[in-house]
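Here is data-v3.tsv, consisting of TSV, C-alpha atoms:
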```tsv
chain	number	residue	atom	x	y	z
P	823	MET	CA	-83.82	-16.12	-47.95
P	824	VAL	CA	-82.62	-19.58	-48.99
P	825	TYR	CA	-80.83	-20.09	-45.67
P	826	ILE	CA	-83.87	-19.02	-43.65
P	827	LEU	CA	-85.96	-21.59	-45.52
P	828	LEU	CA	-83.21	-24.16	-45.03
P	829	ALA	CA	-83.11	-23.46	-41.29
P	830	ILE	CA	-86.89	-23.80	-40.98
P	831	LEU	CA	-86.71	-27.04	-42.96
P	832	ILE	CA	-84.02	-28.38	-40.61
P	833	PHE	CA	-86.16	-27.54	-37.57
P	834	GLY	CA	-89.22	-29.17	-39.12
P	835	ILE	CA	-87.33	-32.35	-40.02
P	836	LEU	CA	-85.70	-32.67	-36.59
P	837	ILE	CA	-88.99	-32.12	-34.78
P	838	GLY	CA	-90.74	-34.57	-37.09
P	839	LEU	CA	-88.04	-37.21	-36.55
P	840	HIS	CA	-88.20	-36.72	-32.77
P	841	GLU	CA	-91.94	-37.33	-32.70
P	842	LEU	CA	-91.56	-40.13	-35.24
P	843	GLY	CA	-89.25	-41.87	-32.77
P	844	HIS	CA	-91.95	-41.80	-30.07
P	845	PHE	CA	-94.60	-42.82	-32.62
P	846	ALA	CA	-92.69	-45.73	-34.18
P	847	VAL	CA	-91.70	-47.30	-30.85
P	848	ALA	CA	-95.21	-46.76	-29.43
P	849	LYS	CA	-96.71	-48.57	-32.42
P	850	ALA	CA	-94.09	-51.33	-32.16
P	851	CYS	CA	-95.00	-51.78	-28.49
P	852	GLY	CA	-98.71	-51.96	-29.28
P	853	VAL	CA	-99.63	-48.64	-27.64
P	854	LYS	CA	-102.64	-46.75	-29.04
P	855	VAL	CA	-101.66	-43.39	-30.58
P	856	ASN	CA	-104.54	-40.91	-30.81
P	857	GLU	CA	-102.73	-38.12	-32.68
P	858	PHE	CA	-99.36	-37.58	-34.32
P	859	SER	CA	-98.69	-33.88	-34.91
P	860	ILE	CA	-95.91	-31.82	-36.46
P	861	GLY	CA	-95.96	-28.26	-35.11
P	862	MET	CA	-97.95	-26.64	-32.31
P	863	GLY	CA	-100.90	-24.28	-32.14
P	864	PRO	CA	-103.82	-23.92	-34.57
P	865	LEU	CA	-104.57	-26.90	-36.81
P	866	LEU	CA	-103.69	-26.52	-40.49
P	867	PHE	CA	-104.31	-30.04	-41.75
P	868	GLN	CA	-105.52	-33.32	-40.31
P	869	LYS	CA	-106.17	-36.77	-41.73
P	870	LYS	CA	-107.29	-39.86	-39.88
P	871	LYS	CA	-105.75	-43.19	-40.77
P	872	GLY	CA	-106.74	-46.17	-38.72
P	873	GLU	CA	-106.96	-45.12	-35.08
P	874	THR	CA	-104.55	-42.17	-35.40
P	875	ASP	CA	-105.12	-38.54	-36.47
P	876	TYR	CA	-102.14	-37.17	-38.42
P	877	SER	CA	-101.88	-33.36	-38.01
P	878	LEU	CA	-99.90	-30.38	-39.23
P	879	ARG	CA	-100.09	-27.26	-37.03
P	880	LEU	CA	-99.18	-23.62	-37.53
P	881	PHE	CA	-96.03	-23.07	-35.44
P	882	PRO	CA	-92.96	-25.21	-36.36
P	883	ILE	CA	-91.57	-25.07	-32.81
P	884	GLY	CA	-92.60	-28.48	-31.56
P	885	GLY	CA	-94.91	-31.38	-32.10
P	886	PHE	CA	-96.41	-34.24	-30.19
P	887	CYS	CA	-97.35	-37.89	-30.25
P	888	ALA	CA	-100.53	-38.12	-28.15
P	889	MET	CA	-100.81	-41.64	-26.76
P	890	GLU	CA	-103.80	-43.11	-24.95
P	891	GLY	CA	-103.22	-42.96	-21.20
P	892	GLU	CA	-100.28	-40.56	-21.46
P	893	ASP	CA	-101.79	-37.65	-19.53
P	894	ASP	CA	-104.74	-39.27	-17.76
P	895	GLU	CA	-105.95	-42.64	-16.56
P	896	SER	CA	-107.34	-44.91	-19.24
P	897	GLU	CA	-109.04	-48.28	-19.03
P	898	ASP	CA	-107.88	-49.23	-22.51
P	899	PRO	CA	-105.45	-52.19	-22.15
P	900	ARG	CA	-103.35	-50.64	-24.95
P	901	ALA	CA	-102.97	-47.35	-23.06
P	902	LEU	CA	-99.48	-46.19	-22.14
P	903	ASN	CA	-100.27	-46.26	-18.42
P	904	HIS	CA	-100.93	-50.03	-18.61
P	905	GLN	CA	-97.59	-50.85	-20.23
P	906	PRO	CA	-94.62	-52.32	-18.31
P	907	PHE	CA	-91.71	-50.09	-17.29
P	908	TRP	CA	-89.42	-51.13	-20.13
P	909	LYS	CA	-91.95	-50.34	-22.83
P	910	GLN	CA	-92.72	-46.90	-21.39
P	911	PHE	CA	-89.01	-46.16	-21.03
P	912	LEU	CA	-88.26	-47.13	-24.63
P	913	ILE	CA	-91.16	-45.05	-25.97
P	914	ILE	CA	-90.14	-41.94	-24.00
P	915	ILE	CA	-86.44	-42.11	-24.82
P	916	ALA	CA	-87.02	-42.91	-28.51
P	917	GLY	CA	-87.47	-39.25	-29.53
P	918	ALA	CA	-84.11	-38.16	-28.13
P	919	ALA	CA	-82.46	-41.28	-29.53
P	920	MET	CA	-83.82	-40.46	-32.98
P	921	ASN	CA	-82.40	-36.92	-32.81
P	922	PHE	CA	-78.99	-38.15	-31.66
P	923	ILE	CA	-78.85	-40.77	-34.42
P	924	THR	CA	-79.86	-38.09	-36.95
P	925	GLY	CA	-76.96	-35.92	-35.78
P	926	LEU	CA	-74.58	-38.86	-36.15
P	927	LEU	CA	-75.83	-39.63	-39.66
P	928	ILE	CA	-75.46	-36.00	-40.78
P	929	LEU	CA	-71.88	-35.93	-39.48
P	930	LEU	CA	-71.10	-39.28	-41.08
P	931	CYS	CA	-72.36	-38.02	-44.45
P	932	LEU	CA	-70.32	-34.82	-44.10
P	933	TYR	CA	-67.16	-36.76	-43.25
P	934	ALA	CA	-67.73	-39.38	-45.97
P	935	GLY	CA	-65.92	-37.26	-48.56
P	936	ALA	CA	-63.11	-36.11	-46.26
P	937	ALA	CA	-59.58	-36.79	-47.53
P	938	ALA	CA	-57.70	-35.91	-44.31
P	939	PHE	CA	-58.20	-34.84	-40.69
P	940	TYR	CA	-56.31	-32.61	-38.32
P	941	THR	CA	-55.13	-34.34	-35.14
P	942	ASN	CA	-54.36	-33.14	-31.59
P	943	GLU	CA	-50.68	-33.95	-32.05
P	944	ILE	CA	-48.05	-31.43	-30.97
P	945	VAL	CA	-46.06	-30.54	-34.10
P	946	ALA	CA	-43.65	-27.83	-32.91
P	947	LEU	CA	-42.22	-26.16	-29.82
P	948	ASN	CA	-41.18	-22.52	-29.65
P	949	ASP	CA	-37.50	-21.64	-29.46
P	950	GLY	CA	-36.60	-21.44	-25.80
P	951	PHE	CA	-39.53	-23.64	-24.72
P	952	PRO	CA	-38.56	-24.49	-21.10
P	953	SER	CA	-40.38	-27.84	-20.78
P	954	ALA	CA	-39.00	-29.69	-23.79
P	955	GLY	CA	-37.76	-33.26	-23.41
P	956	GLU	CA	-38.83	-36.61	-22.02
P	957	ASP	CA	-39.76	-35.11	-18.66
P	958	GLY	CA	-41.80	-32.40	-20.36
P	959	ILE	CA	-43.35	-32.05	-23.80
P	960	MET	CA	-42.07	-33.56	-27.04
P	961	VAL	CA	-43.06	-33.17	-30.68
P	962	GLY	CA	-45.35	-36.10	-31.49
P	963	ASP	CA	-47.15	-36.07	-28.12
P	964	GLU	CA	-50.93	-36.25	-28.48
P	965	ILE	CA	-52.93	-33.81	-26.38
P	966	PHE	CA	-55.34	-35.96	-24.33
P	967	LYS	CA	-56.67	-33.55	-21.68
P	968	ILE	CA	-56.47	-29.85	-20.91
P	969	ASN	CA	-57.43	-28.62	-17.43
P	970	GLY	CA	-59.36	-31.84	-16.84
P	971	GLU	CA	-61.34	-31.77	-20.11
P	972	ARG	CA	-60.88	-34.53	-22.68
P	973	ILE	CA	-59.58	-33.40	-26.05
P	974	TYR	CA	-61.15	-35.30	-28.95
P	975	LEU	CA	-60.61	-32.97	-31.92
P	976	ARG	CA	-58.11	-30.27	-32.82
P	977	ASN	CA	-60.73	-27.54	-32.34
P	978	ASP	CA	-61.33	-28.74	-28.76
P	979	VAL	CA	-58.05	-27.18	-27.66
P	980	ALA	CA	-59.23	-23.62	-28.32
P	981	THR	CA	-62.73	-24.35	-26.95
P	982	VAL	CA	-61.45	-25.83	-23.68
P	983	LEU	CA	-58.83	-23.11	-23.21
P	984	GLN	CA	-61.58	-20.50	-23.54
P	985	TYR	CA	-64.02	-22.33	-21.26
P	986	LYS	CA	-61.64	-23.63	-18.59
P	987	SER	CA	-58.86	-21.09	-18.64
P	988	GLN	CA	-56.58	-21.09	-15.61
P	989	GLY	CA	-54.74	-17.92	-16.50
P	990	ASP	CA	-51.08	-18.49	-17.14
P	991	THR	CA	-51.14	-22.15	-16.03
P	992	LEU	CA	-52.05	-25.16	-18.15
P	993	GLU	CA	-52.66	-28.63	-16.72
P	994	LEU	CA	-51.94	-30.95	-19.62
P	995	VAL	CA	-52.19	-34.70	-20.13
P	996	VAL	CA	-50.44	-36.06	-23.22
P	997	LEU	CA	-50.27	-39.51	-24.78
P	998	ARG	CA	-46.81	-40.79	-25.62
P	999	ASP	CA	-46.23	-44.41	-26.68
P	1000	GLY	CA	-49.64	-45.32	-25.24
P	1001	LYS	CA	-48.89	-43.78	-21.82
P	1002	LYS	CA	-50.70	-40.81	-20.25
P	1003	LEU	CA	-48.26	-38.23	-18.92
P	1004	GLU	CA	-49.31	-35.29	-16.75
P	1005	ARG	CA	-47.56	-31.99	-17.34
P	1006	THR	CA	-47.98	-28.46	-15.99
P	1007	LEU	CA	-47.07	-25.61	-18.34
P	1008	HIS	CA	-46.79	-21.88	-17.71
P	1009	LYS	CA	-47.05	-19.04	-20.19
P	1010	GLN	CA	-43.71	-17.61	-21.21
P	1011	THR	CA	-42.67	-14.48	-23.07
P	1012	TYR	CA	-41.58	-15.17	-26.64
P	1013	THR	CA	-40.50	-12.96	-29.55
P	1014	ASP	CA	-42.08	-13.29	-32.98
P	1015	GLU	CA	-40.32	-12.91	-36.35
P	1016	ASN	CA	-40.95	-9.15	-36.29
P	1017	GLY	CA	-39.31	-8.74	-32.90
P	1018	ASN	CA	-42.59	-8.27	-31.02
P	1019	GLU	CA	-43.00	-9.95	-27.64
P	1020	TYR	CA	-46.04	-12.08	-26.83
P	1021	ARG	CA	-47.20	-14.46	-24.09
P	1022	ALA	CA	-47.93	-18.09	-24.95
P	1023	PHE	CA	-47.62	-21.66	-23.71
P	1024	GLY	CA	-45.12	-22.27	-26.49
P	1025	PHE	CA	-46.37	-25.22	-28.53
P	1026	SER	CA	-48.18	-25.72	-31.85
P	1027	TYR	CA	-50.55	-28.60	-32.56
P	1028	GLY	CA	-52.45	-30.13	-35.47
P	1029	ASN	CA	-50.85	-32.78	-37.65
P	1030	VAL	CA	-52.65	-34.02	-40.79
P	1031	VAL	CA	-53.54	-37.70	-41.29
P	1032	GLU	CA	-55.35	-39.61	-44.02
P	1033	ALA	CA	-59.10	-39.96	-43.46
P	1034	THR	CA	-59.51	-43.74	-43.43
P	1035	PRO	CA	-63.04	-45.26	-43.11
P	1036	LEU	CA	-62.34	-46.17	-39.46
P	1037	LEU	CA	-61.09	-42.66	-38.72
P	1038	LYS	CA	-64.22	-41.17	-40.31
P	1039	LEU	CA	-66.38	-43.20	-37.94
P	1040	LYS	CA	-64.17	-42.19	-35.03
P	1041	TYR	CA	-64.35	-38.47	-35.84
P	1042	THR	CA	-68.12	-38.71	-36.37
P	1043	TRP	CA	-68.52	-40.05	-32.84
P	1044	TYR	CA	-66.05	-37.56	-31.37
P	1045	ASN	CA	-67.85	-34.62	-32.99
P	1046	ALA	CA	-71.21	-35.80	-31.62
P	1047	ILE	CA	-69.71	-36.14	-28.12
P	1048	ASP	CA	-68.29	-32.65	-28.51
P	1049	TYR	CA	-71.79	-31.32	-29.18
P	1050	VAL	CA	-73.01	-33.03	-26.02
P	1051	ARG	CA	-70.21	-31.37	-24.08
P	1052	LEU	CA	-71.17	-27.95	-25.47
P	1053	VAL	CA	-74.64	-28.39	-23.95
P	1054	ARG	CA	-73.09	-29.31	-20.61
P	1055	MET	CA	-70.73	-26.34	-20.72
P	1056	SER	CA	-73.61	-23.99	-21.60
P	1057	LEU	CA	-75.71	-25.26	-18.70
P	1058	GLN	CA	-72.76	-24.89	-16.32
P	1059	MET	CA	-72.28	-21.31	-17.50
P	1060	LEU	CA	-75.97	-20.59	-16.81
P	1061	ILE	CA	-75.80	-22.15	-13.34
P	1062	THR	CA	-72.58	-20.36	-12.38
P	1063	GLY	CA	-73.80	-17.04	-13.77
P	1064	THR	CA	-71.11	-16.83	-16.45
P	1065	ALA	CA	-73.97	-16.59	-18.94
P	1066	GLY	CA	-77.53	-15.37	-18.45
P	1067	VAL	CA	-80.95	-16.25	-19.82
P	1068	LYS	CA	-80.60	-13.35	-22.28
P	1069	ASP	CA	-77.69	-15.22	-23.86
P	1070	LEU	CA	-80.00	-18.10	-24.84
P	1071	SER	CA	-81.24	-18.41	-28.41
P	1072	GLY	CA	-84.54	-19.89	-29.50
P	1073	PRO	CA	-85.80	-20.86	-32.97
P	1074	VAL	CA	-85.74	-17.24	-34.19
P	1075	GLY	CA	-82.16	-16.68	-33.03
P	1076	ILE	CA	-80.98	-20.00	-34.45
P	1077	VAL	CA	-82.62	-19.33	-37.82
P	1078	SER	CA	-80.96	-15.90	-37.87
P	1079	THR	CA	-77.57	-17.42	-36.98
P	1080	ILE	CA	-77.86	-20.05	-39.72
P	1081	SER	CA	-78.84	-17.38	-42.24
P	1082	GLU	CA	-75.92	-15.10	-41.33
P	1083	MET	CA	-73.45	-17.98	-41.27
P	1084	GLY	CA	-74.66	-19.25	-44.64
P	1085	GLN	CA	-74.44	-15.86	-46.31
P	1086	GLU	CA	-70.98	-15.10	-44.92
P	1087	THR	CA	-69.57	-18.50	-45.86
P	1088	GLU	CA	-71.09	-18.34	-49.35
P	1089	ALA	CA	-69.51	-14.92	-49.92
P	1090	GLU	CA	-66.09	-16.26	-48.87
P	1091	ALA	CA	-66.05	-19.85	-50.15
P	1092	GLY	CA	-69.16	-20.52	-52.24
P	1093	PHE	CA	-72.53	-22.18	-51.76
P	1094	ALA	CA	-71.16	-25.72	-51.27
P	1095	ALA	CA	-69.06	-24.63	-48.28
P	1096	ALA	CA	-72.01	-22.66	-46.89
P	1097	LEU	CA	-74.29	-25.69	-47.17
P	1098	GLU	CA	-71.68	-27.84	-45.42
P	1099	ASN	CA	-71.49	-25.37	-42.51
P	1100	VAL	CA	-75.28	-25.25	-42.25
P	1101	LEU	CA	-75.43	-29.05	-42.13
P	1102	PHE	CA	-72.78	-29.14	-39.39
P	1103	PHE	CA	-74.94	-26.65	-37.49
P	1104	GLY	CA	-77.97	-28.87	-38.14
P	1105	ALA	CA	-76.11	-31.87	-36.68
P	1106	MET	CA	-75.28	-29.81	-33.59
P	1107	ILE	CA	-78.95	-28.81	-33.19
P	1108	ALA	CA	-80.01	-32.46	-33.54
P	1109	VAL	CA	-77.62	-33.58	-30.77
P	1110	ASN	CA	-78.58	-30.57	-28.61
P	1111	LEU	CA	-82.27	-31.43	-28.94
P	1112	ALA	CA	-81.51	-34.99	-27.84
P	1113	VAL	CA	-79.57	-33.87	-24.76
P	1114	MET	CA	-81.92	-31.04	-23.76
P	1115	ASN	CA	-84.96	-33.31	-24.04
P	1116	LEU	CA	-83.37	-35.75	-21.60
P	1117	LEU	CA	-82.90	-33.15	-18.86
P	1118	PRO	CA	-84.96	-34.22	-15.80
P	1119	LEU	CA	-87.37	-31.28	-16.06
P	1120	PRO	CA	-91.20	-31.39	-16.17
P	1121	ALA	CA	-92.76	-31.58	-19.65
P	1122	LEU	CA	-89.49	-32.81	-21.17
P	1123	ASP	CA	-88.79	-36.46	-21.94
P	1124	GLY	CA	-86.19	-36.52	-19.16
P	1125	GLY	CA	-88.82	-35.34	-16.66
P	1126	LYS	CA	-91.16	-38.11	-17.78
P	1127	ILE	CA	-88.39	-40.68	-17.39
P	1128	LEU	CA	-87.65	-39.36	-13.88
P	1129	ILE	CA	-91.32	-39.67	-12.89
P	1130	LEU	CA	-91.43	-43.15	-14.45
P	1131	ILE	CA	-88.43	-44.25	-12.36
P	1132	VAL	CA	-89.86	-42.71	-9.16
P	1133	ASP	CA	-93.18	-44.41	-9.92
P	1134	GLU	CA	-91.45	-47.77	-10.36
P	1135	ILE	CA	-89.55	-47.34	-7.06
P	1136	ALA	CA	-92.79	-46.40	-5.27
P	1137	MET	CA	-94.44	-49.52	-6.68
P	1138	LEU	CA	-91.57	-51.72	-5.47
P	1139	LEU	CA	-91.47	-50.17	-1.99
P	1140	PHE	CA	-95.10	-49.36	-1.27
P	1141	LYS	CA	-96.99	-51.45	-3.84
P	1142	LYS	CA	-98.70	-48.28	-5.00
P	1143	LYS	CA	-98.12	-45.98	-7.94
P	1144	ILE	CA	-98.14	-42.19	-7.85
P	1145	PRO	CA	-101.61	-40.98	-8.97
P	1146	GLN	CA	-101.42	-39.98	-12.63
P	1147	LYS	CA	-103.27	-36.73	-11.95
P	1148	PHE	CA	-100.23	-35.51	-10.00
P	1149	GLU	CA	-97.98	-36.30	-12.93
P	1150	ALA	CA	-100.39	-34.45	-15.24
P	1151	VAL	CA	-100.26	-31.35	-12.99
P	1152	ILE	CA	-96.45	-31.43	-12.83
P	1153	ASN	CA	-96.19	-31.75	-16.62
P	1154	ALA	CA	-98.78	-28.99	-17.16
P	1155	VAL	CA	-96.90	-26.59	-14.90
P	1156	GLY	CA	-93.62	-27.53	-16.58
P	1157	PHE	CA	-95.16	-27.01	-20.02
P	1158	VAL	CA	-96.43	-23.53	-19.09
P	1159	ALA	CA	-93.01	-22.62	-17.66
P	1160	LEU	CA	-91.28	-23.95	-20.78
P	1161	MET	CA	-93.62	-22.01	-23.07
P	1162	GLY	CA	-92.98	-18.88	-20.99
P	1163	LEU	CA	-89.21	-19.34	-21.34
P	1164	MET	CA	-89.56	-19.89	-25.09
P	1165	LEU	CA	-91.64	-16.73	-25.43
P	1166	PHE	CA	-89.04	-14.76	-23.47
P	1167	VAL	CA	-86.18	-16.16	-25.56
P	1168	THR	CA	-88.10	-15.51	-28.79
P	1169	PHE	CA	-88.82	-11.92	-27.73
P	1170	ASN	CA	-85.14	-11.50	-26.88
P	1171	ASP	CA	-84.13	-12.91	-30.27
P	1172	VAL	CA	-86.49	-10.55	-32.09
P	1173	SER	CA	-85.16	-7.59	-30.04
P	1174	LYS	CA	-81.61	-8.45	-31.13
P	1175	LEU	CA	-82.70	-8.57	-34.77
P	1176	VAL	CA	-84.47	-5.20	-34.51
P	1177	LYS	CA	-81.33	-3.62	-33.07
```
Encoded form (structure tokens):
Amino acid sequence: MVYILLAILIFGILIGLHELGHFAVAKACGVKVNEFSIGMGPLLFQKKKGETDYSLRLFPIGGFCAMEGEDDESEDPRALNHQPFWKQFLIIIAGAAMNFITGLLILLCLYAGAAAFYTNEIVALNDGFPSAGEDGIMVGDEIFKINGERIYLRNDVATVLQYKSQGDTLELVVLRDGKKLERTLHKQTYTDENGNEYRAFGFSYGNVVEATPLLKLKYTWYNAIDYVRLVRMSLQMLITGTAGVKDLSGPVGIVSTISEMGQETEAEAGFAAALENVLFFGAMIAVNLAVMNLLPLPALDGGKILILIVDEIAMLLFKKKIPQKFEAVINAVGFVALMGLMLFVTFNDVSKLVK
């Protein structure tokens, strides 16, 4: 139960911070905010302070920062639709920026107590490895790319090999004395200590180095970039058909995953380790929210930015803006579609739990 509550708390905080980003920048830019809400659906609590209504709503699956002139034309000079391009852009992107920064801060706090890190360095070659030497692979080489994908962390090697497998061939780029060297490896047949044969590329990786303050900052950034890449890989899998809509998880599925992960880790390594894993997962969700919100789709922040850019181009070329009612219709249709997808994903999550 504690992990379910923790997961809901993480969602609530991330949603609140996202909307707080919009709200804070809107206020800083002098834009009138009519309502700032955490949650969606029926109203649970509301208090008016100044010109803004502060609300808490039933479902912790979203929130909003309702600004004057956001969805319709307004004559108020402080309305969003009367602001210059740069102010509107900053206000719209602020929510995603807040989530990304939150993810970075969580990771930085988690790495603050680290004593050492694993690296991407090759530490051993199998007996009989055919590509050893200066023209091939050497112990001490740092794995830089695998099959075209950048390797930032030790765990990236397994992730990339799973996502971009090319069968028995491996296109590798290693760093040696500051130089990038391209190498092609092929799986070979090796014999383990028990005399059993197995197929492998024939190298081991993962040296251990001291976690200096600079390295902690570096690994924090690398981990955040890794989370961004996971979103891109997931979207590519959806587009190519490698994964389907049924493989998506919504709030219910994510809460369930956090709960299961927390319980399993606590049983194996204790509550502190479980909490650390949950916080890593929370950082990933924060970065994912930032990236997903910037996709150029209606009703998302990225869709609003796209319309803003198109509007600015139309103004430069034709001296006329796109009527705001068209934007409102596009966002309304996108919102309905998004809510439909969320309902489908939620139903799918619940079905998995029932099974």
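With only C-alpha atoms as the atoms that count, the minimum distance from Val1053 (chain P) to the choices P:Val1109, P:Leu997, P:Ile1127, P:Ala936 is reached by P:Val1109.
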Original post:
If we count all atoms listed in the file, what is near region 833-836 of chain P at a cut-off of 7 Å, once residues fewer than 2 positions away on the same chain are taken out, given as a PyMOL selection string?
Top reply: chain P and resi 829-831+838-840+882+921+1108
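The space separating CA of Leu828 (chain P) from CA of Ala1096 (chain P) comes to 11.5 Å.
Taking CA of Tyr940 (chain P) as the reference point, CA of Val995 (chain P) is found at 18.8 Å.
Using all atoms listed in the file, the nearest neighbour of Leu930 (chain P) within the list P:Asn1045, P:Asn1029, P:Ser953, P:Asn969 is P:Asn1045.
The interatomic distance for the pair CA of Ala1022 (chain P) and CA of Lys1009 (chain P) works out to 4.9 Å.
Nearest to Asn948 (chain P) of all the residues P:Ser1026, P:Asn1018, P:Thr991, P:Thr874 is P:Ser1026, counting only C-alpha atoms.
Using only C-alpha atoms, every residue with an atom at most 7 Å from the point (-47.7, -19.1, -24.4) is listed here: Lys1009, Gln1010, Thr1011, Arg1021, Ala1022, Phe1023 and Gly1024 of chain P.
Nearest to Phe951 (chain P) of all the residues P:Thr1034, P:Val1132, P:Phe1025, P:Val1151 is P:Phe1025, based on all atoms listed in the file.
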Original post:
Could you name the residues that touch region 970-972 of chain P at 9 Å or less, counting all atoms listed in the file, but leaving out those on the same chain fewer than 3 positions away, as a count of residues only?
Top reply: 9
